[in-house]
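J.: Structure file work_0.txt (compact mmCIF, C-alpha atoms) right here:
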# COMPACT_ATOMS: atom_id res chain seq x y z
CA MET S 1 13.48 -25.14 -0.98
CA ASP S 2 11.11 -27.34 1.05
CA ASN S 3 8.40 -27.13 3.67
CA LYS S 4 11.03 -26.21 6.28
CA SER S 5 11.85 -23.02 4.38
CA PHE S 6 8.15 -22.19 4.13
CA ARG S 7 7.74 -22.65 7.89
CA ASN S 8 10.68 -20.27 8.26
CA TYR S 9 8.72 -17.72 6.21
CA ILE S 10 5.58 -18.19 8.35
CA VAL S 11 7.58 -17.34 11.51
CA PHE S 12 8.93 -14.24 9.74
CA TRP S 13 5.45 -13.24 8.49
CA LEU S 14 3.82 -13.60 11.90
CA SER S 15 6.52 -11.61 13.72
CA GLN S 16 6.50 -8.83 11.14
CA SER S 17 2.69 -8.67 11.30
CA VAL S 18 2.91 -8.09 15.06
CA SER S 19 5.39 -5.26 14.49
CA GLN S 20 3.18 -3.75 11.77
CA LEU S 21 0.22 -3.82 14.14
CA GLY S 22 2.18 -1.93 16.79
CA SER S 23 3.35 0.67 14.27
CA ALA S 24 -0.16 1.11 12.86
CA MET S 25 -1.58 1.62 16.35
CA THR S 26 0.98 4.36 17.03
CA GLY S 27 0.24 5.99 13.67
CA TYR S 28 -3.47 6.08 14.42
CA ALA S 29 -2.95 7.34 17.98
CA LEU S 30 -0.69 10.17 16.76
CA ILE S 31 -3.35 11.24 14.25
CA VAL S 32 -5.93 11.38 17.03
CA TRP S 33 -3.51 13.33 19.27
CA ALA S 34 -2.61 15.81 16.51
CA TYR S 35 -6.24 16.41 15.53
CA LYS S 36 -7.24 17.03 19.14
CA GLN S 37 -4.41 19.53 19.49
CA THR S 38 -5.26 21.54 16.36
CA GLY S 39 -8.73 20.55 15.11
CA SER S 40 -7.25 20.80 11.60
CA VAL S 41 -7.67 18.21 8.83
CA LEU S 42 -4.67 19.82 7.09
CA THR S 43 -2.55 18.74 10.05
CA VAL S 44 -3.45 15.11 9.40
CA SER S 45 -2.84 15.50 5.65
CA LEU S 46 0.63 16.92 6.33
CA MET S 47 1.44 13.95 8.56
CA SER S 48 0.68 11.61 5.65
CA PHE S 49 2.61 13.83 3.25
CA CYS S 50 5.69 13.86 5.50
CA SER S 51 5.68 10.06 5.39
CA PHE S 52 4.83 9.54 1.70
CA ALA S 53 7.09 12.16 0.09
CA PRO S 54 10.39 10.93 1.64
CA TYR S 55 9.34 7.34 0.91
CA ILE S 56 8.88 8.08 -2.79
CA ILE S 57 12.03 10.17 -3.13
CA ALA S 58 14.23 7.73 -1.19
CA SER S 59 12.83 4.71 -3.07
CA SER S 60 14.12 6.17 -6.34
CA VAL S 61 17.76 6.02 -5.18
CA THR S 62 18.10 3.40 -2.42
CA GLY S 63 17.61 0.26 -4.54
CA PRO S 64 21.31 -0.71 -4.81
CA LEU S 65 21.58 -0.83 -1.01
CA ILE S 66 18.98 -3.60 -0.95
CA ASP S 67 20.99 -5.73 -3.40
CA ARG S 68 24.38 -5.01 -1.78
CA TYR S 69 23.69 -5.81 1.86
CA LYS S 70 22.04 -8.58 3.85
CA LYS S 71 18.27 -8.29 3.93
CA LYS S 72 18.07 -9.26 7.59
CA THR S 73 20.47 -6.44 8.50
CA ILE S 74 18.48 -3.89 6.49
CA ILE S 75 15.17 -4.96 8.04
CA VAL S 76 16.58 -4.89 11.59
CA LEU S 77 18.20 -1.47 11.16
CA SER S 78 15.04 -0.05 9.56
CA ASP S 79 12.95 -1.38 12.43
CA LEU S 80 15.48 0.01 14.92
CA ALA S 81 15.30 3.50 13.40
CA ALA S 82 11.49 3.42 13.54
CA ALA S 83 11.57 2.20 17.14
CA LEU S 84 14.01 4.93 18.18
CA SER S 85 11.69 7.46 16.55
CA SER S 86 8.76 6.13 18.57
CA LEU S 87 10.92 6.23 21.70
CA ALA S 88 11.79 9.88 20.99
CA VAL S 89 8.08 10.71 20.69
CA LEU S 90 7.44 8.95 24.00
CA LEU S 91 10.21 10.90 25.75
CA PHE S 92 8.96 14.24 24.41
CA LEU S 93 5.45 13.28 25.47
CA LEU S 94 6.51 12.37 29.02
CA GLN S 95 8.33 15.70 29.30
CA GLY S 96 5.27 17.58 28.04
CA LYS S 97 7.23 18.92 25.07
CA LEU S 98 5.72 16.93 22.20
CA ASN S 99 4.63 19.09 19.26
CA LEU S 100 3.66 18.66 15.60
CA GLY S 101 7.19 19.37 14.41
CA HIS S 102 8.42 16.29 16.28
CA ILE S 103 5.74 14.13 14.66
CA TYR S 104 6.47 15.47 11.18
CA GLY S 105 10.18 14.75 11.72
CA VAL S 106 9.45 11.22 12.91
CA ASN S 107 7.23 10.57 9.89
CA ILE S 108 10.02 11.73 7.56
CA ILE S 109 12.44 9.28 9.20
CA ILE S 110 9.93 6.42 9.06
CA GLY S 111 9.17 7.17 5.39
CA CYS S 112 12.88 6.96 4.55
CA MET S 113 13.30 3.72 6.52
CA ASN S 114 10.27 2.17 4.84
CA SER S 115 11.89 2.85 1.47
CA LEU S 116 14.59 0.41 2.55
CA GLN S 117 12.50 -2.06 4.51
CA SER S 118 9.69 -2.62 2.03
CA PRO S 119 11.85 -3.83 -0.90
CA ALA S 120 14.15 -5.69 1.50
CA VAL S 121 11.18 -7.67 2.82
CA SER S 122 9.98 -8.40 -0.74
CA VAL S 123 13.40 -9.74 -1.73
CA ALA S 124 13.75 -11.68 1.53
CA VAL S 125 10.43 -13.40 0.92
CA ASN S 126 11.55 -14.40 -2.57
CA ASN S 127 14.69 -15.94 -1.07
CA MET S 128 12.73 -17.81 1.61
CA VAL S 129 9.83 -19.46 -0.22
CA PRO S 130 9.61 -21.94 -3.09
CA LYS S 131 8.21 -20.76 -6.42
CA ASP S 132 4.98 -22.72 -6.05
CA LYS S 133 4.18 -20.76 -2.86
CA TYR S 134 4.34 -17.25 -4.42
CA LYS S 135 0.57 -16.85 -4.68
CA GLN S 136 -0.04 -18.19 -1.20
CA VAL S 137 2.58 -15.86 0.28
CA SER S 138 1.13 -12.84 -1.51
CA GLY S 139 -2.33 -13.72 -0.24
CA MET S 140 -1.02 -14.07 3.29
CA ASP S 141 0.64 -10.65 3.09
CA SER S 142 -2.60 -9.08 1.85
CA PHE S 143 -4.55 -10.81 4.60
CA SER S 144 -2.25 -9.61 7.37
CA GLY S 145 -2.07 -6.09 5.94
CA ASN S 146 -5.84 -5.76 5.84
CA LEU S 147 -6.22 -7.37 9.26
CA VAL S 148 -3.85 -4.76 10.68
CA ALA S 149 -5.76 -1.99 8.89
CA VAL S 150 -9.06 -3.18 10.39
CA THR S 151 -7.91 -3.94 13.93
CA ALA S 152 -5.27 -1.25 14.59
CA PRO S 153 -7.72 1.68 14.97
CA MET S 154 -9.97 -0.30 17.32
CA LEU S 155 -7.09 -1.54 19.47
CA ALA S 156 -5.43 1.88 19.50
CA ALA S 157 -8.69 3.58 20.50
CA PHE S 158 -9.12 1.12 23.37
CA VAL S 159 -5.54 1.50 24.62
CA LEU S 160 -5.79 5.31 24.27
CA SER S 161 -8.86 5.33 26.49
CA VAL S 162 -7.17 3.17 29.15
CA LEU S 163 -3.44 3.97 29.02
CA GLY S 164 -3.22 7.07 26.85
CA LEU S 165 -0.78 7.77 24.01
CA GLU S 166 2.10 6.62 26.23
CA GLY S 167 0.56 3.16 26.48
CA VAL S 168 0.12 2.86 22.71
CA ILE S 169 3.75 3.78 22.04
CA PHE S 170 4.95 1.38 24.76
CA ILE S 171 3.05 -1.49 23.09
CA ASP S 172 4.61 -0.48 19.76
CA LEU S 173 8.09 -0.72 21.29
CA ILE S 174 7.30 -4.15 22.76
CA SER S 175 6.09 -5.36 19.34
CA PHE S 176 9.36 -4.11 17.81
CA LEU S 177 11.48 -5.98 20.36
CA PHE S 178 9.47 -9.16 19.73
CA ALA S 179 9.77 -8.92 15.92
CA VAL S 180 13.50 -8.16 15.98
CA ALA S 181 14.25 -10.96 18.47
CA VAL S 182 12.39 -13.46 16.28
CA LEU S 183 14.11 -12.18 13.13
CA ILE S 184 17.61 -12.39 14.65
CA PHE S 185 17.32 -15.71 16.45
CA LYS S 186 14.60 -17.69 14.63
CA VAL S 187 14.54 -16.61 10.97
CA SER S 188 17.05 -17.61 8.31
CA ILE S 189 17.23 -15.45 5.16
CA LYS S 190 19.44 -16.73 2.36
CA GLU S 191 21.21 -14.20 0.15
CA ALA S 192 21.31 -14.43 -3.64
CA GLY S 193 24.19 -13.34 -5.86
CA ASP S 194 27.77 -12.29 -5.25
CA LYS S 195 27.65 -9.42 -2.69
CA THR S 196 31.38 -8.69 -3.07
CA LYS S 197 30.99 -8.15 -6.81
CA GLU S 198 27.93 -5.92 -6.29
CA GLN S 199 29.66 -3.81 -3.64
CA LYS S 200 32.62 -3.19 -5.96
CA GLU S 201 30.33 -1.76 -8.62
CA ALA S 202 29.95 2.02 -8.41
CA TYR S 203 26.74 2.95 -6.57
CA PHE S 204 25.26 5.13 -9.31
CA SER S 205 26.24 2.63 -11.95
CA SER S 206 24.32 0.01 -10.00
CA LEU S 207 21.38 2.40 -9.62
CA LYS S 208 21.43 3.16 -13.34
CA SER S 209 21.41 -0.54 -14.21
CA GLY S 210 18.06 -0.94 -12.44
CA TYR S 211 16.44 1.81 -14.51
CA LEU S 212 18.04 0.47 -17.71
CA TYR S 213 16.64 -2.98 -16.94
CA LEU S 214 13.12 -1.55 -16.83
CA MET S 215 13.68 0.39 -20.04
CA GLU S 216 14.67 -2.86 -21.70
CA ASN S 217 11.75 -4.76 -20.15
CA LYS S 218 8.98 -2.32 -20.93
CA GLY S 219 6.23 -4.77 -20.05
CA LEU S 220 7.18 -4.63 -16.36
CA LEU S 221 7.56 -0.84 -16.55
CA PHE S 222 4.10 -0.45 -18.12
CA ILE S 223 2.55 -2.57 -15.37
CA MET S 224 4.09 -0.23 -12.77
CA ILE S 225 2.78 2.82 -14.64
CA SER S 226 -0.67 1.19 -14.89
CA ILE S 227 -0.75 0.62 -11.14
CA ALA S 228 0.39 4.22 -10.59
CA PHE S 229 -2.76 5.32 -12.45
CA MET S 230 -4.85 2.92 -10.38
CA ASN S 231 -3.40 4.41 -7.20
CA PHE S 232 -4.12 7.94 -8.42
CA PHE S 233 -7.78 7.29 -9.22
CA SER S 234 -8.40 5.32 -6.02
CA ARG S 235 -6.80 7.98 -3.80
CA LEU S 236 -8.75 10.69 -5.60
CA THR S 237 -11.93 9.38 -4.01
CA TYR S 238 -11.42 6.74 -1.32
CA GLU S 239 -8.75 8.57 0.69
CA ASN S 240 -10.57 11.77 1.68
CA VAL S 241 -13.82 11.94 -0.32
CA LEU S 242 -15.50 8.68 0.72
CA SER S 243 -16.03 9.66 4.35
CA PRO S 244 -17.65 13.09 3.75
CA MET S 245 -19.74 11.67 0.91
CA LEU S 246 -21.19 8.88 3.05
CA LEU S 247 -21.72 11.23 5.97
CA ALA S 248 -23.56 13.73 3.75
CA ARG S 249 -25.67 11.17 1.89
CA SER S 250 -26.67 9.21 5.01
CA GLY S 251 -28.03 12.22 6.87
CA GLY S 252 -24.90 13.10 8.81
CA GLY S 253 -24.71 9.91 10.87
CA ASP S 254 -21.42 8.05 11.04
CA ILE S 255 -22.92 4.53 11.14
CA ALA S 256 -22.89 4.11 7.34
CA PHE S 257 -19.30 5.29 7.12
CA GLY S 258 -18.24 2.94 9.91
CA ILE S 259 -19.93 -0.04 8.23
CA VAL S 260 -18.46 0.69 4.78
CA SER S 261 -14.98 1.28 6.24
CA ALA S 262 -15.15 -2.10 7.97
CA VAL S 263 -16.40 -3.76 4.78
CA LEU S 264 -13.46 -2.37 2.78
CA GLY S 265 -11.10 -4.05 5.25
CA ILE S 266 -13.11 -7.27 5.27
CA GLY S 267 -13.08 -7.35 1.47
CA GLY S 268 -9.29 -7.19 1.54
CA LEU S 269 -9.24 -10.07 4.03
CA ILE S 270 -11.51 -12.15 1.78
CA GLY S 271 -9.35 -11.39 -1.25
CA GLY S 272 -6.21 -12.38 0.64
CA ILE S 273 -7.78 -15.69 1.69
CA LEU S 274 -8.86 -16.45 -1.89
CA VAL S 275 -5.37 -15.74 -3.24
CA SER S 276 -3.78 -17.88 -0.51
CA ALA S 277 -6.16 -20.71 -1.36
CA GLY S 278 -5.08 -20.58 -5.01
CA LYS S 279 -8.41 -19.26 -6.34
CA THR S 280 -6.69 -17.08 -8.93
CA PHE S 281 -6.26 -16.58 -12.66
CA LYS S 282 -3.86 -18.77 -14.62
CA SER S 283 -2.48 -15.63 -16.26
CA ASN S 284 -0.81 -13.15 -13.90
CA LEU S 285 -1.43 -10.32 -16.35
CA LYS S 286 -5.16 -11.05 -16.42
CA MET S 287 -5.12 -11.29 -12.65
CA ILE S 288 -3.71 -7.74 -12.44
CA TYR S 289 -5.80 -6.01 -15.09
CA TYR S 290 -9.10 -7.89 -14.90
CA SER S 291 -9.15 -7.51 -11.11
CA ALA S 292 -8.46 -3.77 -11.38
CA ALA S 293 -11.15 -3.29 -14.02
CA PHE S 294 -13.67 -5.15 -11.86
CA SER S 295 -12.77 -3.03 -8.83
CA PHE S 296 -13.23 0.25 -10.68
CA LEU S 297 -16.23 -0.72 -12.78
CA LEU S 298 -18.36 -2.22 -10.02
CA GLY S 299 -16.81 -0.76 -6.88
CA ASP S 300 -16.55 2.90 -7.85
CA LEU S 301 -19.68 3.06 -9.98
CA LEU S 302 -21.85 1.41 -7.33
CA MET S 303 -20.33 3.63 -4.64
CA GLY S 304 -21.40 6.69 -6.63
CA LEU S 305 -24.82 5.40 -7.69
CA GLY S 306 -25.69 3.96 -4.29
CA ARG S 307 -28.02 5.87 -1.98
CA ASN S 308 -28.19 3.43 0.92
CA VAL S 309 -25.84 1.39 3.05
CA TYR S 310 -26.77 -1.90 1.32
CA LEU S 311 -25.47 -0.78 -2.07
CA TRP S 312 -22.43 0.85 -0.47
CA VAL S 313 -21.57 -2.44 1.23
CA ILE S 314 -21.75 -4.29 -2.10
CA ALA S 315 -19.62 -1.55 -3.66
CA GLY S 316 -17.08 -1.81 -0.85
CA LEU S 317 -16.72 -5.55 -1.37
CA ALA S 318 -16.49 -5.18 -5.16
CA ALA S 319 -13.80 -2.53 -4.76
CA SER S 320 -11.66 -4.27 -2.13
CA ILE S 321 -11.77 -8.02 -2.82
CA PRO S 322 -9.80 -7.68 -6.12
CA ILE S 323 -6.92 -5.68 -4.58
CA PRO S 324 -4.94 -8.70 -3.26
CA PHE S 325 -5.20 -10.27 -6.73
CA ILE S 326 -3.55 -7.21 -8.27
CA SER S 327 -0.72 -7.34 -5.74
CA ALA S 328 -0.22 -11.08 -6.18
CA GLY S 329 -0.15 -10.92 -9.96
CA GLN S 330 2.50 -8.21 -10.02
CA ARG S 331 4.65 -9.77 -7.30
CA ILE S 332 4.70 -13.16 -9.04
CA LEU S 333 5.66 -11.59 -12.37
CA MET S 334 8.51 -9.68 -10.74
CA TYR S 335 9.79 -12.76 -8.93
CA GLU S 336 9.69 -14.80 -12.14
CA LYS S 337 11.09 -12.21 -14.57
CA ILE S 338 13.73 -10.25 -12.63
CA PRO S 339 17.18 -11.69 -11.81
CA LYS S 340 17.51 -12.26 -8.07
CA GLU S 341 20.58 -10.04 -7.82
CA MET S 342 18.54 -7.08 -9.14
CA LEU S 343 15.31 -7.57 -7.23
CA GLY S 344 16.08 -4.93 -4.60
CA ARG S 345 16.71 -2.20 -7.16
CA ILE S 346 13.62 -3.01 -9.19
CA PHE S 347 11.30 -3.27 -6.17
CA ALA S 348 12.58 0.08 -4.90
CA VAL S 349 12.03 1.75 -8.30
CA ARG S 350 8.61 0.13 -8.48
CA ASN S 351 7.65 1.70 -5.17
CA ALA S 352 8.84 5.12 -6.35
CA ILE S 353 6.81 4.86 -9.57
CA GLN S 354 3.62 3.33 -8.22
CA TYR S 355 3.27 5.48 -5.13
CA SER S 356 4.32 8.77 -6.75
CA THR S 357 0.72 9.49 -7.76
CA ILE S 358 -0.77 8.95 -4.30
CA PRO S 359 0.04 12.37 -2.75
CA LEU S 360 -1.33 14.12 -5.85
CA GLY S 361 -4.52 12.07 -5.72
CA ILE S 362 -5.02 12.82 -2.01
CA LEU S 363 -4.50 16.58 -2.41
CA LEU S 364 -6.47 16.89 -5.66
CA GLY S 365 -9.46 14.87 -4.41
CA GLY S 366 -10.35 17.31 -1.65
CA VAL S 367 -9.87 20.34 -3.91
CA LEU S 368 -12.06 18.92 -6.68
CA ALA S 369 -14.79 17.94 -4.23
CA ASP S 370 -14.98 21.30 -2.44
CA PHE S 371 -14.40 23.71 -5.31
CA VAL S 372 -15.54 21.92 -8.46
CA PHE S 373 -18.01 19.06 -8.19
CA GLU S 374 -20.09 20.01 -5.15
CA PRO S 375 -20.69 23.57 -6.45
CA PHE S 376 -21.36 22.24 -9.96
CA MET S 377 -24.06 19.82 -8.79
CA SER S 378 -25.94 22.68 -7.08
CA SER S 379 -25.60 25.03 -10.07
CA GLY S 380 -28.80 24.10 -11.91
CA ASN S 381 -26.82 23.17 -15.03
CA LEU S 382 -28.53 20.71 -17.44
CA LEU S 383 -25.65 18.26 -17.14
CA ALA S 384 -25.85 18.59 -13.35
CA ALA S 385 -29.57 17.83 -13.52
CA PHE S 386 -28.92 14.71 -15.60
CA LEU S 387 -26.18 13.52 -13.25
CA GLY S 388 -28.49 14.26 -10.33
CA SER S 389 -31.01 11.85 -11.80
CA LEU S 390 -28.33 9.15 -11.55
CA VAL S 391 -26.72 9.83 -8.19
CA GLY S 392 -29.35 11.93 -6.45
CA LYS S 393 -29.30 15.57 -5.46
CA GLY S 394 -28.18 17.56 -2.46
CA LYS S 395 -25.01 17.59 -0.42
CA GLY S 396 -22.62 14.80 -1.37
CA SER S 397 -23.90 14.43 -4.93
CA GLY S 398 -20.80 16.09 -6.38
CA MET S 399 -18.57 13.60 -4.58
CA ALA S 400 -20.79 10.78 -5.85
CA VAL S 401 -20.16 12.02 -9.40
CA MET S 402 -16.44 11.87 -8.68
CA PHE S 403 -16.84 8.14 -7.98
CA LEU S 404 -18.61 7.71 -11.33
CA ILE S 405 -15.72 9.47 -13.06
CA THR S 406 -13.00 7.44 -11.32
CA GLY S 407 -14.96 4.28 -12.07
CA ILE S 408 -15.03 5.08 -15.78
CA LEU S 409 -11.51 6.53 -16.08
CA GLY S 410 -10.02 3.80 -13.91
CA THR S 411 -11.60 1.08 -16.04
CA VAL S 412 -10.57 2.75 -19.32
CA SER S 413 -6.96 3.31 -18.19
CA THR S 414 -6.77 -0.31 -17.01
CA LEU S 415 -8.00 -1.66 -20.35
CA ILE S 416 -5.62 0.61 -22.26
CA GLY S 417 -2.75 -0.65 -20.13
CA TYR S 418 -3.71 -4.29 -20.68
CA HIS S 419 -3.96 -3.90 -24.46
CA SER S 420 -0.70 -1.94 -24.83
CA LYS S 421 1.81 -3.69 -27.08
CA GLU S 422 4.34 -3.90 -24.24
CA VAL S 423 1.96 -5.76 -21.94
CA GLN S 424 0.62 -7.92 -24.75
CA SER S 425 4.19 -9.01 -25.57
CA MET S 426 4.43 -10.30 -21.99
CA LYS S 427 1.07 -12.00 -22.38
CA ASN S 428 2.34 -13.94 -25.41
CA LYS S 429 5.31 -15.16 -23.36
CA GLU S 430 2.96 -16.41 -20.62
CA LYS S 431 1.31 -18.88 -22.98
Show the structure stored in the file as structure tokens.
T.:
Amino acid sequence: MDNKSFRNYIVFWLSQSVSQLGSAMTGYALIVWAYKQTGSVLTVSLMSFCSFAPYIIASSVTGPLIDRYKKKTIIVLSDLAAALSSLAVLLFLLQGKLNLGHIYGVNIIIGCMNSLQSPAVSVAVNNMVPKDKYKQVSGMDSFSGNLVAVTAPMLAAFVLSVLGLEGVIFIDLISFLFAVAVLIFKVSIKEAGDKTKEQKEAYFSSLKSGYLYLMENKGLLFIMISIAFMNFFSRLTYENVLSPMLLARSGGGDIAFGIVSAVLGIGGLIGGILVSAGKTFKSNLKMIYYSAAFSFLLGDLLMGLGRNVYLWVIAGLAASIPIPFISAGQRILMYEKIPKEMLGRIFAVRNAIQYSTIPLGILLGGVLADFVFEPFMSSGNLLAAFLGSLVGKGKGSGMAVMFLITGILGTVSTLIGYHSKEVQSMKNKEK
């Protein structure tokens, strides 16, 4: 592979980023529409659940499809299904018949399609770029993902105010057409392995081989389990506890929350730039685990201990800058360790494992905040008084304690994962 192949990847990356921006704008606009219709937070939670649950379930069984068929075909068909779903929403909207059931159904379809597209893109990238560009590519992906996360709500809000939900969906469809046209006519994706041989193998035998590979390579499996724990602890607080905590502890104004939300996105952008520039660890394992420990230890603890926007900004940067390093470390290890003809299966299984804890974290976080920690901190208990001396008292203090707990448990689980014999055996092979 040479610079020409890397330029090929850049064209692919830019076009897919445009499509992701359009999809993210539609996702945000539908959340706003649904909340205005019902005034229910549960409605929004169910929208996320209808996307996440099918994604996790489908990822556990769709891996062989990624290895059997052309990645370009899979990506195009996945994009097409998502675009047709958006078109269906637009048609229902124009007829005045759009309801929550339609949106839930669309999210289920998109979740299933993402279970195919995400690993297909990961494998395609591996086939497009030279080995010495892995870190740079991972940093670029993190940068574009965070840029989309930061800009999509602002752009969607602007388009909603001018053109309405119809305008947002129309822009999404245009972004899809652009990305697919570029992918079909401008991007070349080489295929690895003998597809005829793979297609002759029984589907469930092929699926089983992916799981057996991880059982035989326990270091990779333990990294996936470690990241599943990281996802659980982060979603326990950041997903639906951060916003009410900041609102409560800043006197009810939304300025602090807006600033910290922006900083979390900016931190991801900074981390992506650093990874792309090669400012990383020599050891991929250290890059994963040290970065995660730093994020939990400084990010979560400072978020809980902080009582003003200045400390929360520092906490937001400490929490978010390391995330692209975690992603890069794992991706590079998988590219280097896993045979190319099995990458699709393993990436799909990875997604099923790592993201399986997210719905639980999201649901449990709100329950613990409302029914356990907030009442406990106003109970007059001696332990509550001690914790109050650390995080402050009043509304939001219970949620602040939750950040202290995730900071400690997240750090401990990360260190345990790093020092496990399975991960240490991989570390010895890195030397």
J.: Between CA of Gly398 in chain S and CA of Phe373 in chain S, measure the distance and give it in Å to one decimal.
T.: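 Straight-line distance from CA of Gly398 in chain S to CA of Phe373 in chain S works out to 4.5 Å.
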J.: Just give me the gap between CA of Val89 in chain S and CA of Gly101 in chain S in Å, one decimal is fine.
T.: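 Separating CA of Val89 in chain S from CA of Gly101 in chain S is a distance of 10.7 Å.
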J.: Could you work out how far CA of Tyr238 in chain S lies from CA of Asp254 in chain S, giving the answer in Å with one decimal?
T.: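 CA of Tyr238 in chain S lies 16.0 Å from CA of Asp254 in chain S.
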J.: Of the residues S:Val137, S:Val106, S:Ile273, S:Val349, which is the one nearest to Ala328 in chain S, using all atoms listed in the file?
T.: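 Answer, going by the shortest atom-to-atom distance: S:Val137.
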J.: How close does each residue of range 199-227 of chain S get to range 413-418 of chain S, giving the shortest atom pair and distance in Å to one decimal for every residue with an atom at most 12 Å away, counting all atoms listed in the file, sorted by chain and residue number, as a tab-separated table?
T.:
residue	atom	partner	partner_atom	distance
S:Lys218	CA	S:Gly417	CA	11.9
S:Gly219	CA	S:Gly417	CA	9.9
S:Leu220	CA	S:Gly417	CA	11.3
S:Leu221	CA	S:Gly417	CA	10.9
S:Phe222	CA	S:Gly417	CA	7.1
S:Ile223	CA	S:Gly417	CA	7.4
S:Met224	CA	S:Gly417	CA	10.1
S:Ile225	CA	S:Gly417	CA	8.5
S:Ser226	CA	S:Gly417	CA	5.9
S:Ile227	CA	S:Thr414	CA	8.5
